[in-house]
file input36.cif (mmCIF, C-alpha atoms)
data_target
#
loop_
_atom_site.label_atom_id
_atom_site.label_comp_id
_atom_site.auth_asym_id
_atom_site.auth_seq_id
_atom_site.Cartn_x
_atom_site.Cartn_y
_atom_site.Cartn_z
CA MET E 9 104.07 94.92 86.90
CA ALA E 10 106.10 91.94 85.89
CA HIS E 11 108.92 89.77 87.05
CA LEU E 12 112.00 89.99 84.86
CA SER E 13 112.97 86.96 82.80
CA LYS E 14 116.08 86.64 84.99
CA ILE E 15 116.26 85.58 88.64
CA GLY E 16 119.05 85.69 91.20
CA ALA E 17 120.00 82.31 92.66
CA TRP E 18 121.97 82.29 95.92
CA ASP E 19 123.36 78.93 97.04
CA ASP E 20 123.62 79.13 100.81
CA ILE E 21 126.09 77.17 102.91
CA ASP E 22 123.19 75.73 104.94
CA GLY E 23 121.89 74.01 101.80
CA LEU E 24 119.03 76.42 101.21
CA MET E 25 118.67 78.24 97.92
CA HIS E 26 117.52 81.83 97.97
CA ILE E 27 115.75 83.12 94.87
CA THR E 28 115.48 86.82 94.08
CA HIS E 29 112.56 87.70 91.86
CA PHE E 30 113.46 90.96 90.13
CA ASP E 31 110.52 93.21 89.33
CA ASP E 32 110.56 95.74 86.49
CA ARG E 33 108.59 98.41 88.38
CA ASP E 34 111.71 99.77 90.09
CA ILE E 35 113.84 100.08 86.94
CA LEU E 36 114.83 103.72 86.57
CA PRO E 37 114.47 105.53 83.24
CA GLY E 38 117.59 104.86 81.18
CA GLN E 39 118.74 102.02 83.46
CA THR E 40 119.45 98.70 81.77
CA GLU E 41 118.04 95.48 83.15
CA ASP E 42 121.56 94.28 84.00
CA GLU E 43 122.42 97.52 85.85
CA PHE E 44 119.16 97.23 87.78
CA ILE E 45 119.87 93.62 88.75
CA ALA E 46 123.45 94.43 89.80
CA GLN E 47 122.15 97.24 92.02
CA ARG E 48 119.60 94.94 93.69
CA ILE E 49 122.28 92.31 94.38
CA LEU E 50 124.60 94.93 95.85
CA LYS E 51 121.84 96.10 98.18
CA LEU E 52 121.04 92.55 99.31
CA LYS E 53 124.72 91.92 100.04
CA GLN E 54 124.47 94.50 102.82
CA ASN E 55 122.35 91.90 104.62
CA PRO E 56 124.78 89.65 106.59
CA LYS E 57 122.93 86.59 105.31
CA PHE E 58 123.88 87.34 101.71
CA LYS E 59 127.21 89.10 102.33
CA ASP E 60 129.44 86.11 101.60
CA LEU E 61 127.18 84.32 99.13
CA ASN E 62 127.50 84.37 95.37
CA CYS E 63 124.45 85.34 93.39
CA MET E 64 124.17 83.74 89.97
CA VAL E 65 121.81 85.50 87.61
CA ILE E 66 120.04 82.90 85.51
CA SER E 67 117.02 82.69 83.27
CA ARG E 68 113.69 82.22 85.05
CA SER E 69 113.08 79.24 82.75
CA GLU E 70 115.99 77.44 84.49
CA MET E 71 113.98 77.36 87.72
CA PRO E 72 111.82 74.24 88.24
CA SER E 73 108.13 75.06 87.92
CA ASP E 74 107.29 72.54 90.66
CA THR E 75 108.12 74.31 93.91
CA SER E 76 107.17 71.38 96.15
CA SER E 77 110.82 70.26 96.03
CA ARG E 78 111.98 73.81 96.84
CA LEU E 79 114.16 72.71 99.78
CA GLN E 80 116.04 70.20 97.62
CA TRP E 81 117.14 72.65 94.91
CA SER E 82 120.79 73.16 94.02
CA LEU E 83 122.56 75.24 91.43
CA ARG E 84 124.49 73.27 88.77
CA ASN E 85 126.00 74.79 85.62
CA GLY E 86 123.66 77.77 85.59
CA LYS E 87 120.55 75.66 86.16
CA ILE E 88 118.52 74.93 89.26
CA ILE E 89 118.13 71.20 89.65
CA VAL E 90 116.32 69.02 92.15
CA ASP E 91 119.44 67.73 93.90
CA PRO E 92 119.34 63.92 94.28
CA VAL E 93 121.64 64.15 97.34
CA LYS E 94 119.25 66.55 99.09
CA VAL E 95 116.28 64.40 98.05
CA ALA E 96 117.97 61.33 99.58
CA GLN E 97 118.72 63.27 102.78
CA ARG E 98 115.10 64.41 102.94
CA GLN E 99 113.85 60.84 102.40
CA ALA E 100 116.13 59.56 105.15
CA PHE E 101 114.86 62.27 107.48
CA LEU E 102 111.21 61.39 106.75
CA VAL E 103 111.86 57.68 107.33
CA GLN E 104 113.61 58.47 110.62
CA LYS E 105 110.74 60.74 111.69
CA GLN E 106 108.18 58.07 110.85
CA ALA E 107 110.16 55.51 112.85
CA ILE E 108 110.14 57.78 115.91
CA PHE E 109 106.37 58.31 115.72
CA SER E 110 105.83 54.55 115.29
CA ARG E 111 108.01 53.88 118.33
CA ILE E 112 106.05 56.29 120.57
CA GLY E 113 102.74 55.09 119.10
CA ILE E 114 101.20 58.32 117.79
CA THR E 115 100.81 59.90 114.39
CA GLU E 116 102.44 63.17 113.39
CA GLU E 117 99.02 64.87 113.34
CA GLU E 118 98.33 63.69 116.89
CA PHE E 119 101.76 64.97 117.92
CA LYS E 120 101.00 68.40 116.42
CA LEU E 121 97.69 68.53 118.27
CA LEU E 122 99.41 67.63 121.54
CA ARG E 123 102.01 70.35 120.96
CA LYS E 124 99.26 72.94 120.47
CA LYS E 125 97.69 72.09 123.86
CA MET P 10 101.27 115.80 94.49
CA GLY P 11 101.72 112.43 96.19
CA PHE P 12 101.71 111.90 99.95
CA THR P 13 105.44 111.19 100.09
CA ALA P 14 106.23 114.57 98.57
CA LEU P 15 103.92 116.30 101.02
CA ALA P 16 105.48 114.46 103.93
CA THR P 17 108.96 115.39 102.78
CA ILE P 18 108.04 119.05 102.66
CA ALA P 19 106.41 118.89 106.09
CA TYR P 20 109.39 116.97 107.51
CA LYS P 21 111.75 119.75 106.52
CA ASP P 22 109.38 122.44 107.71
CA PRO P 23 110.22 123.79 111.20
CA VAL P 24 106.54 124.51 111.96
CA LYS P 25 105.31 122.71 115.11
CA VAL P 26 102.24 120.49 115.04
CA ALA P 27 99.93 119.50 117.91
CA TRP P 28 100.32 115.88 119.05
CA GLY P 29 98.03 114.82 121.88
CA ASN P 30 98.55 117.11 124.85
CA SER P 31 102.04 118.12 123.85
CA ILE P 32 103.67 119.91 121.00
CA LYS P 33 106.08 117.92 118.89
CA ALA P 34 108.19 119.02 115.99
CA ASN P 35 107.13 117.80 112.59
CA ASP P 36 110.27 115.73 112.20
CA ASP P 37 109.47 113.74 115.36
CA TYR P 38 106.02 112.99 114.02
CA PHE P 39 107.06 111.95 110.56
CA ASN P 40 110.12 110.01 111.74
CA THR P 41 108.34 107.68 114.09
CA ALA P 42 104.55 107.93 114.07
CA VAL P 43 103.94 107.11 110.43
CA ALA P 44 104.72 103.71 108.89
CA ARG P 45 108.12 104.03 107.25
CA ALA P 46 107.33 101.14 104.93
CA TRP P 47 104.42 98.85 104.19
CA ALA P 48 103.72 96.11 101.70
CA ASP P 49 100.97 93.88 100.41
CA ILE P 50 102.48 90.65 99.06
CA ASP P 51 100.58 87.99 97.21
CA SER P 52 100.81 84.86 95.05
CA VAL P 53 103.20 83.11 97.38
CA THR P 54 101.33 79.82 97.25
CA GLY P 55 102.94 77.58 94.65
CA GLY P 56 104.41 80.51 92.79
CA SER P 57 106.63 83.52 92.97
CA PRO P 58 105.87 86.27 95.47
CA VAL P 59 104.57 89.51 93.99
CA MET P 60 104.47 92.86 95.73
CA VAL P 61 100.96 94.04 94.92
CA ALA P 62 101.30 97.43 96.59
CA ARG P 63 103.94 99.02 98.75
CA HIS P 64 105.56 102.12 100.16
CA ASN P 65 109.33 102.32 100.67
CA PHE P 66 109.85 98.63 99.82
CA GLU P 67 111.45 97.58 96.58
CA THR P 68 109.27 95.39 94.40
CA SER P 69 111.97 92.72 93.99
CA ILE P 70 111.60 89.99 96.64
CA THR P 71 114.00 87.24 97.70
CA GLU P 72 112.65 83.85 98.82
CA ALA P 73 114.82 81.86 101.17
CA GLY P 74 112.88 78.64 101.07
CA VAL P 75 109.33 77.96 102.15
CA GLY P 76 107.75 80.88 104.00
CA LEU P 77 110.90 82.97 104.27
CA LEU P 78 111.08 86.26 102.42
CA THR P 79 113.68 89.03 102.38
CA LEU P 80 112.28 92.48 101.65
CA THR P 81 114.49 95.44 100.72
CA PHE P 82 113.78 98.98 101.86
CA THR P 83 113.96 101.62 99.15
CA SER P 84 115.27 104.03 101.75
CA GLY P 85 116.75 102.19 104.73
CA MET P 86 116.19 102.43 108.46
CA THR P 87 118.58 103.51 111.21
CA GLY P 88 120.07 100.20 112.35
CA SER P 89 117.78 97.39 113.41
CA ALA P 90 115.80 99.13 116.17
CA TYR P 91 112.46 99.29 114.39
CA ALA P 92 109.09 97.61 114.70
CA LEU P 93 107.45 95.32 112.16
CA ILE P 94 103.82 94.30 112.23
CA GLY P 95 102.64 91.53 109.93
CA SER P 96 99.57 89.53 109.06
CA ALA P 97 98.61 86.78 106.64
CA GLY P 98 95.32 85.44 105.40
CA ARG P 99 94.00 82.40 107.27
CA ASN P 100 94.03 79.23 105.19
CA ALA P 101 91.60 76.28 105.39
CA THR P 102 93.25 74.62 108.36
CA ASN P 103 95.43 77.14 110.13
CA SER P 104 95.76 80.66 111.35
CA LEU P 105 98.96 82.05 109.89
CA PHE P 106 101.45 84.42 111.41
CA VAL P 107 103.96 86.85 109.94
CA GLY P 108 106.94 88.02 111.94
CA VAL P 109 110.58 88.95 111.70
CA GLN P 110 112.92 86.01 111.26
CA ASN P 111 115.30 85.74 114.22
CA GLY P 112 118.14 88.22 113.63
CA GLY P 113 116.51 89.35 110.41
CA LYS P 114 116.21 93.08 111.04
CA HIS P 115 118.80 95.12 109.16
CA SER P 116 118.96 98.73 108.06
CA GLY P 117 118.53 97.93 104.37
CA THR P 118 116.53 94.70 104.43
CA VAL P 119 114.21 92.71 106.66
CA ASP P 120 113.73 88.91 106.71
CA ILE P 121 110.18 87.83 107.44
CA ALA P 122 108.80 84.40 108.24
CA ILE P 123 105.28 83.09 107.58
CA THR P 124 104.35 80.30 109.99
CA ASP P 125 101.32 78.24 110.90
CA GLU P 126 99.98 77.49 114.38
CA SER P 127 102.58 74.74 114.85
CA ASN P 128 105.40 77.16 113.99
CA ASN P 129 106.01 75.41 110.66
CA LEU P 130 107.13 77.69 107.87
CA THR P 131 104.43 77.85 105.24
CA GLU P 132 103.57 79.57 101.99
CA TYR P 133 100.43 81.56 101.67
CA GLY P 134 99.22 84.69 99.89
CA ASP P 135 97.81 87.95 101.19
CA ILE P 136 100.69 88.97 103.41
CA SER P 137 100.75 92.47 104.88
CA VAL P 138 103.63 94.11 106.71
CA ALA P 139 104.18 97.58 108.13
CA VAL P 140 107.39 99.00 109.58
CA PHE P 141 107.68 101.80 112.11
CA GLY P 142 110.92 103.40 113.20
CA VAL P 143 113.53 106.00 112.48
CA PRO P 144 114.65 106.35 108.87
CA GLY P 145 118.30 106.12 107.98
CA ALA P 146 120.35 109.19 107.23
#
call {"tool": "encode", "arguments": {"input": "input36.cif", "output": "structure tokens"}}
result
Amino acid sequence: MAHLSKIGAWDDIDGLMHITHFDDRDILPGQTEDEFIAQRILKLKQNPKFKDLNCMVISRSEMPSDTSSRLQWSLRNGKIIVDPVKVAQRQAFLVQKQAIFSRIGITEEEFKLLRKK
Amino acid sequence: MGFTALATIAYKDPVKVAWGNSIKANDDYFNTAVARAWADIDSVTGGSPVMVARHNFETSITEAGVGLLTLTFTSGMTGSAYALIGSAGRNATNSLFVGVQNGGKHSGTVDIAITDESNNLTEYGDISVAVFGVPGA
């Protein structure tokens, strides 16, 4: 079993990036890798979430190895980059969240514990 | 001969089988009582998800951000009226839950979400899912 060297990158309108990891175990005898990938994309497009999205097939090596910034990825010129705009938005959100917790006088961990109760 | 082939033969066979106190046709039994698809997914933490073992799910998986996966049926279901049961391994600090993402049940694919006790989407390995329902035509 192995992932193919290509991945499908779907840039969603909500800012999220969907990544399809193609796996060689379902390639039919005589089917090329490109035919296999095209078939997988076609099948995913039956899902309303993917219906109107474009899938760009790119090399797996164009995907950042650090997935901690996963929510800030964007597709630019056939490469997945850590989008500085999304990073700035994320930073602003974290600062705002911290300010709210400071104002009400509890930490985020304490808030989570309270929510569980 | 694999189980799938046996099931296919039995499904087409008009012979009746005993089911509890009643008699049900084979097609009823195989349509709804047996998991139509199941999967064991791993290596989600810090890496790409891998389908370790499965039945009626394609091995290719789509990640839609942290803790959100789209799985594709090899042979689809009839509409979205089916049941999905999921579980995930417990990590050091949380029990984890696997369920269908809101509005994520489709005939050809299913969107699943892995969440922690605070309903935060999270990544973790050892995910199991099973689907019961009526197969598509």
call {"tool": "interface_residues", "arguments": {"input": "input36.cif", "of": "chain E", "to": "chain P", "cutoff": "7 Å", "atoms": "all atoms listed in the file", "output": "ChimeraX atom specification"}}
result
/E:24-31,33-34,55,75,78-79,120,124
call {"tool": "atom_distance", "arguments": {"input": "input36.cif", "atom1": "CA of Val93 (chain E)", "atom2": "CA of Leu61 (chain E)"}}
result
21.0 Å
call {"tool": "residues_around", "arguments": {"input": "input36.cif", "residues": "region 94-96 of chain E", "least_positions_apart": "3", "cutoff": "6 Å", "atoms": "only C-alpha atoms", "output": "ChimeraX atom specification"}}
result
/E:80,91,99
call {"tool": "residues_around", "arguments": {"input": "input36.cif", "residues": "Gly108 (chain P)", "least_positions_apart": "5", "cutoff": "8 Å", "atoms": "only C-alpha atoms", "output": "ChimeraX atom specification"}}
result
/P:93-95,121-123
call {"tool": "closest_residue", "arguments": {"input": "input36.cif", "among": "E:Trp81, E:Asp32, E:Gln54, E:Gln39", "to": "Ala17 (chain E)", "atoms": "all atoms listed in the file"}}
result
E:Trp81
call {"tool": "atom_distance", "arguments": {"input": "input36.cif", "atom1": "CA of Arg99 (chain P)", "atom2": "CA of Thr115 (chain E)"}}
result
24.6 Å
call {"tool": "atom_distance", "arguments": {"input": "input36.cif", "atom1": "CA of Pro92 (chain E)", "atom2": "CA of Glu70 (chain E)"}}
result
17.0 Å
call {"tool": "closest_residue", "arguments": {"input": "input36.cif", "among": "E:Leu12, E:Leu102, E:Val90, E:Ile49", "to": "Met71 (chain E)", "atoms": "all atoms listed in the file"}}
result
E:Val90
call {"tool": "resolve_selection", "arguments": {"input": "input36.cif", "expression": "the PyMOL selection byres ((chain E and resi 65) around 9)", "output": "ChimeraX atom specification"}}
result
/E:14-18,45,63-64,66-67,86
call {"tool": "write_last_selection", "arguments": {"input": "input36.cif", "atoms": "C-alpha atoms", "output": "compact mmCIF listing (two decimals), in the coordinates of the input"}}
result
# COMPACT_ATOMS: atom_id res chain seq x y z
CA LYS E 14 116.08 86.64 84.99
CA ILE E 15 116.26 85.58 88.64
CA GLY E 16 119.05 85.69 91.20
CA ALA E 17 120.00 82.31 92.66
CA TRP E 18 121.97 82.29 95.92
CA ILE E 45 119.87 93.62 88.75
CA CYS E 63 124.45 85.34 93.39
CA MET E 64 124.17 83.74 89.97
CA ILE E 66 120.04 82.90 85.51
CA SER E 67 117.02 82.69 83.27
CA GLY E 86 123.66 77.77 85.59
call {"tool": "closest_residue", "arguments": {"input": "input36.cif", "among": "E:Gln104, E:Ile114, E:Arg98, E:Ile35", "to": "Ala10 (chain E)", "atoms": "only C-alpha atoms"}}
result
E:Ile35
call {"tool": "closest_residue", "arguments": {"input": "input36.cif", "among": "P:Asn129, P:Ile136, P:Ser89, P:Asn100", "to": "Ile50 (chain P)", "atoms": "only C-alpha atoms"}}
result
P:Ile136
call {"tool": "closest_residue", "arguments": {"input": "input36.cif", "among": "P:Val143, P:Ser96, P:Glu132, P:Ser137", "to": "Thr41 (chain P)", "atoms": "all atoms listed in the file"}}
result
P:Val143
call {"tool": "residues_around", "arguments": {"input": "input36.cif", "residues": "Val140 (chain P)", "least_positions_apart": "2", "cutoff": "6 Å", "atoms": "all atoms listed in the file", "output": "MDAnalysis selection string"}}
result
chainID P and resid 44:46 92:93
call {"tool": "closest_residue", "arguments": {"input": "input36.cif", "among": "E:Leu36, E:Leu83, E:Ile112, E:Leu50", "to": "Asp20 (chain E)", "atoms": "all atoms listed in the file"}}
result
E:Leu83
call {"tool": "axis_aligned_box", "arguments": {"input": "input36.cif", "around": "region 116-123 of chain P", "padding_each_side": "5 Å", "output": "AutoDock Vina command-line options"}}
result
--center_x 112.1 --center_y 90.9 --center_z 106.3 --size_x 23.7 --size_y 25.6 --size_z 13.9
